[in-house]
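Okay, structure first, notes after.
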Amino acid sequence: MSYSLKQLAEHVGARLIGDVELVINAVAQLDDAAEGDICFVSSSKYVASLKSTSASAVILREDVVTESPVASLVVENPRAAYAKIVALLYPEHIPSPGVHGTAVIAPSANVSKLAYIGPNVVIEEGVVIEDGVRIDAGCFIGQNSRIGLNTHLYSNVTVYHTCIIGECCIMHSASVIGSDGFGFEFDQGEWLKIPQVGGVIIGNSVEIGACSVVDRGALQNTIIGNGVKLDNHVQIAHNVNVGAHTLMSRGVGIAGSTKIGKNCLFAGMTGVRDHVEIADNVIVTAMSMVSRSLTRPGSYSSNTPIDETRVWRKNSARFRQLDEMAKRIKQLEKHIKDKE
Amino acid sequence: MSYSLKQLAEHVGARLIGDVELVINAVAQLDDAAEGDICFVSSSKYVASLKSTSASAVILREDVVTESPVASLVVENPRAAYAKIVALLYPEHIPSPGVHGTAVIAPSANVSKLAYIGPNVVIEEGVVIEDGVRIDAGCFIGQNSRIGLNTHLYSNVTVYHTCIIGECCIMHSASVIGSDGFGFEFDQGEWLKIPQVGGVIIGNSVEIGACSVVDRGALQNTIIGNGVKLDNHVQIAHNVNVGAHTLMSRGVGIAGSTKIGKNCLFAGMTGVRDHVEIADNVIVTAMSMVSRSLTRPGSYSSNTPIDETRVWRKNSARFRQLDEMAKRIKQLEKHIKDKE
Amino acid sequence: MSYSLKQLAEHVGARLIGDVELVINAVAQLDDAAEGDICFVSSSKYVASLKSTSASAVILREDVVTESPVASLVVENPRAAYAKIVALLYPEHIPSPGVHGTAVIAPSANVSKLAYIGPNVVIEEGVVIEDGVRIDAGCFIGQNSRIGLNTHLYSNVTVYHTCIIGECCIMHSASVIGSDGFGFEFDQGEWLKIPQVGGVIIGNSVEIGACSVVDRGALQNTIIGNGVKLDNHVQIAHNVNVGAHTLMSRGVGIAGSTKIGKNCLFAGMTGVRDHVEIADNVIVTAMSMVSRSLTRPGSYSSNTPIDETRVWRKNSARFRQLDEMAKRIKQLEKHIKDKE
């Protein structure tokens, strides 16, 4: 798609400096750009690249506008403006509404005429599919679940029974919503399954990555708030409650019945134990083990730094002597004090 | 469903105190319960909630029975009794036996007339599906595999060729059984694939979580014992042998040829290296790295505790000096000893 | 299948000692072998097993040939020769070319007559499927993607639009190629999605494990080099570039825009942060956190060793005092120096 710079400026509410008729048809990075491209400059760090860019236009903040050699869109948040312009220049292919001939739809399912249901999709009894929903090939929607307005399920997503998914959500392939929570009780030499009879409630504008899993509640519901974004391989266990606008990177796991605040950030491969509470605005750095409640906002970490294996081996062996080392230091201090 | 308290007491072998005709139609938590609900009290910690509950009945142990304000079912293990009562009050929807018209069944497959085969299921040559099996939409069963009595595969499960799955198992969506083990040999500048020609044998009453993977053996079989429960995102590599009634929480990975004992518990995101042996009754806490055999029962851990990032940074940097710190302590001790 | 020892020797370029007409029909391990079996001896460690084997023949190196009680194939790399012989003795079942009647193929897709397209496969507009490709049941190939010569997709693989997959690749079930990178910008109280308009380019002879995910680039492509082997549950984020012949074990995660060298080895559950560079020939041991660029070849590690939980608790608590401990050691050293 092509747009004039004026059209782009209006779309993102930018102040335009330069030729309003300039035609833009692609986005690019400052160093790779060519004629017809627009780039964004997120900070003054990139002024050198800005000065030498071959792009036709750039999106930037007021503070670097004098450095721009080309037409400019001046905004508060260049990356946000860029996101909106990408969406405009690269419109998603939207299939026409309708149900593919190979889809299997139960008689009592209520599928909007304005939804797209792809090949081999299976929709069970009592399901509600709202307007503008797009369900790609091979998805399964279990009994009495509901998919809200304009939500998009990519191919091979599985939604179990009685799960409620909000509006404008995106679910990537091989993700699973509503599988059983991991609940067992040891009884007479074996693990007795505790039936998981709660559901899942997912808010609006939630994105769930490929191969991610949200388990159903044991008795009550597992709840994901509005605007939550989960990367790939994320796990939300039974009865968890994730506050609005929280982000979890790849591989994060939240164990059962834990309550996560709003606007939190969990970096990749972090684990949070069961039955704890994480406050709003908590940041946890990558691969951390959250083994207790975090009641105050702030940034938290665990883990050890990468090192050459031969060096690490020595230090790692000493980890097992840490308590003894601490006691020896105390002993030395005592000795010196006694001497004085 | 509704049952009288007498029926429930008989079902779980409980001593009943109170009105035998009382009608129970739901389970709830002590604090949320209403008329018609039954709750369980797992320990004396919850006596306050017990005393003020609005439930119609409770399941509890002898030791707190005097604290109950309502009708009571007295048992040894309230949580186990609760599990059985949930199963009774919330019966699973069981589809009628039969093969959906869209399923693709190879001529030589032997599918019981008492099994349910859902839409778009694909069953290859030589497969055996026993009585009471339920295979939901979109599953794939490869050549010569066998699914035992009453086993339930949720939608979009993949079972490769020559895998044997026992009776009364549950496999959740997007789980994969029988994919190739990760076996390569570096030869002439590239990785040569070692064909994985073993199979997978899964015992009875095994549950496998969503997006979990059990690889086939390189030459012999990968084996999962009876009653093993695997949460989501678990990986069992080629040639691994998991002992009966072992539990693995979300994200656990067992590397190739490792032998895991019976009745073990692996908490979430723990990794166990290849070619080691873990004894029976071993517990490993969350996010641990098991880099050696654990030959005795007991609880094991690794990892570091969560801390504020600014504090953690300082301590983490010191981790790289641990060996040097230990040597300096020794030096100080020597110095003092020499003085004396 | 059965082959004479002479045929096997020629296939792997081995020097044959013993009966050339000997019939071999299976591979086995030294200790389990029986008549008709061939085994391999990877090192002199296994001489005891070699001497007592009941196999009909063994594959070994020159250095142990005098210890062999049976017919021998002498090669430089016994494990590589073994791999080739397994492939010969256990040929994969290859379905005949053709498109299953239940597959849904878009009119503009270009599917080779020499490809196999299984039941319920969905192939969208503009897709190219080359000769010898095998796409098993339930796979989805999005618009304008291309699957190269002789590549094999196991059941239930999802390939999004505009992804290029090379020749002779293997993709295991529930793997996902081309899902959106995890890109958002916080704007006016919520996370604005940055549309991911790049693609994925996968080289030749790449293997991708079950439930692994390769995200599409934000603007440019995510690139996987020739001969790369990814185990199960691996994640390659947007814009990552993985060099040729690099191996990643189960659960490894590479965050966005990171560049990985050639011939690297990442052991299981290792995480690599975003926007870093890893040199060629880097080895990272299991469960490490790579939080910076590694510019030189070599072996790297992080994490702490497994210990009994009661011991670990004490040492782990001291981790939080490490910086203070270091300062106290310094203080003691200063004190002693001052005294002198």
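Chains: A, B, ... in order of the structure tokens. Residues: from 1 per chain. Ligands: from 1, in order shown.
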
Subject >> Neighbours of chain A in chain B at 8 Å, counting only C-alpha atoms, as a count of residues only >> reply: 55

Original post:
So which residues touch C:Ile164 within 9 Å, counting only C-alpha atoms, skipping near sequence neighbours fewer than 6 positions away, as a list of chain:residue names?
Top reply: C:Asn144, C:Ser145, C:Arg146, C:Ile147, C:Gly148, C:Gly199, C:Val200, C:Ile201, C:Ile202, C:Gly203

Expected file: the selected residues, C-alpha atoms, as a short mmCIF file (atom, residue, chain, number, x, y, z; two decimals), in the first residue's frame:
data_model
loop_
_atom_site.label_atom_id
_atom_site.label_comp_id
_atom_site.auth_asym_id
_atom_site.auth_seq_id
_atom_site.Cartn_x
_atom_site.Cartn_y
_atom_site.Cartn_z
CA ASN C 144 2.94 -17.63 -0.28
CA SER C 145 5.11 -19.90 1.84
CA ARG C 146 7.44 -22.40 0.23
CA ILE C 147 8.51 -25.87 1.32
CA GLY C 148 11.74 -27.08 -0.29
CA GLY C 199 9.21 -13.44 7.36
CA VAL C 200 11.18 -16.56 8.23
CA ILE C 201 13.91 -18.13 6.10
CA ILE C 202 15.03 -21.61 7.08
CA GLY C 203 18.04 -23.19 5.33
#

Subject >> Separation of atom CA of C:Lys229 from atom CA of C:Met171 in Å >> reply: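 We find that atom CA of C:Met171 and atom CA of C:Lys229 lie 10.2 Å from each other.
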
Subject >> From A:Gly36, A:Val58, A:Val127, A:Gly18, residue lying nearest A:Ala109 [only C-alpha atoms] >> reply: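 Between A:Gly36, A:Val58, A:Val127, A:Gly18, the residue approaching A:Ala109 most closely is A:Val127.
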
Subject >> Contact residues around A:Gly256 with only C-alpha atoms at 6 Å, ignoring same-chain residues under 6 positions, as a PyMOL selection string >> reply: chain A and resi 237-240+274

Original post:
For the atom pair atom CA of B:Tyr116 and atom CA of B:Val133, what is the interatomic distance in Å to one decimal place?
Top reply: 6.2 Å

Subject >> Spatial neighbours of stretch 44-56 of chain C, max dist 8 Å, only C-alpha atoms, sep filter under 4 positions, as a PyMOL selection string >> reply: chain C and resi 22+24+28+30-39+63-64+67-71

**OP:** Can you pull out every residue within 9 Å of C:Lys113, counting only C-alpha atoms, but drop anything in the same chain fewer than 4 positions away, and send it as a list in words?
**Re:** Pro97, Gly98, Val99, Glu130, Asp131 and Gly132 of chain C

**OP:** Identify all residues of stretch 36-250 of chain A in strand (DSSP E) (DSSP on the backbone) and supply them as a PyMOL selection string.
**Re:** chain A and resi 37-40+57-60+71-74+98-99+104-105+110-111+116-117+122-123+128-129+134-135+140-141+146-147+152-153+158-159+163-165+170-171+176-179+184-187+190-193+200-202+207-208+213-215+222-224+229-230+235-236+241-242+247-248

**OP:** From a DSSP calculation on the backbone, collect every residue of stretch 144-325 of chain C in helix (DSSP H, G or I) and output the set as a ChimeraX atom specification.
**Re:** /C:309-319,322-325

Any chance you can output those residues with C-alpha atoms as an mmCIF file, in the first residue's frame?
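For reference, result03.cif as written:
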data_model
loop_
_atom_site.group_PDB
_atom_site.id
_atom_site.type_symbol
_atom_site.label_atom_id
_atom_site.label_comp_id
_atom_site.auth_asym_id
_atom_site.auth_seq_id
_atom_site.Cartn_x
_atom_site.Cartn_y
_atom_site.Cartn_z
ATOM 1 C CA THR C 309 17.506 -28.735 50.110
ATOM 2 C CA ARG C 310 18.414 -28.226 53.782
ATOM 3 C CA VAL C 311 22.039 -27.503 52.853
ATOM 4 C CA TRP C 312 21.060 -25.431 49.836
ATOM 5 C CA ARG C 313 18.774 -23.264 51.967
ATOM 6 C CA LYS C 314 21.669 -22.112 54.127
ATOM 7 C CA ASN C 315 23.981 -21.418 51.201
ATOM 8 C CA SER C 316 21.282 -19.797 49.142
ATOM 9 C CA ALA C 317 20.466 -17.417 52.008
ATOM 10 C CA ARG C 318 24.144 -16.423 52.093
ATOM 11 C CA PHE C 319 23.993 -15.544 48.373
ATOM 12 C CA LEU C 322 27.760 -12.002 49.181
ATOM 13 C CA ASP C 323 28.561 -8.370 48.618
ATOM 14 C CA GLU C 324 28.661 -7.746 52.346
ATOM 15 C CA MET C 325 30.858 -10.825 52.842
#
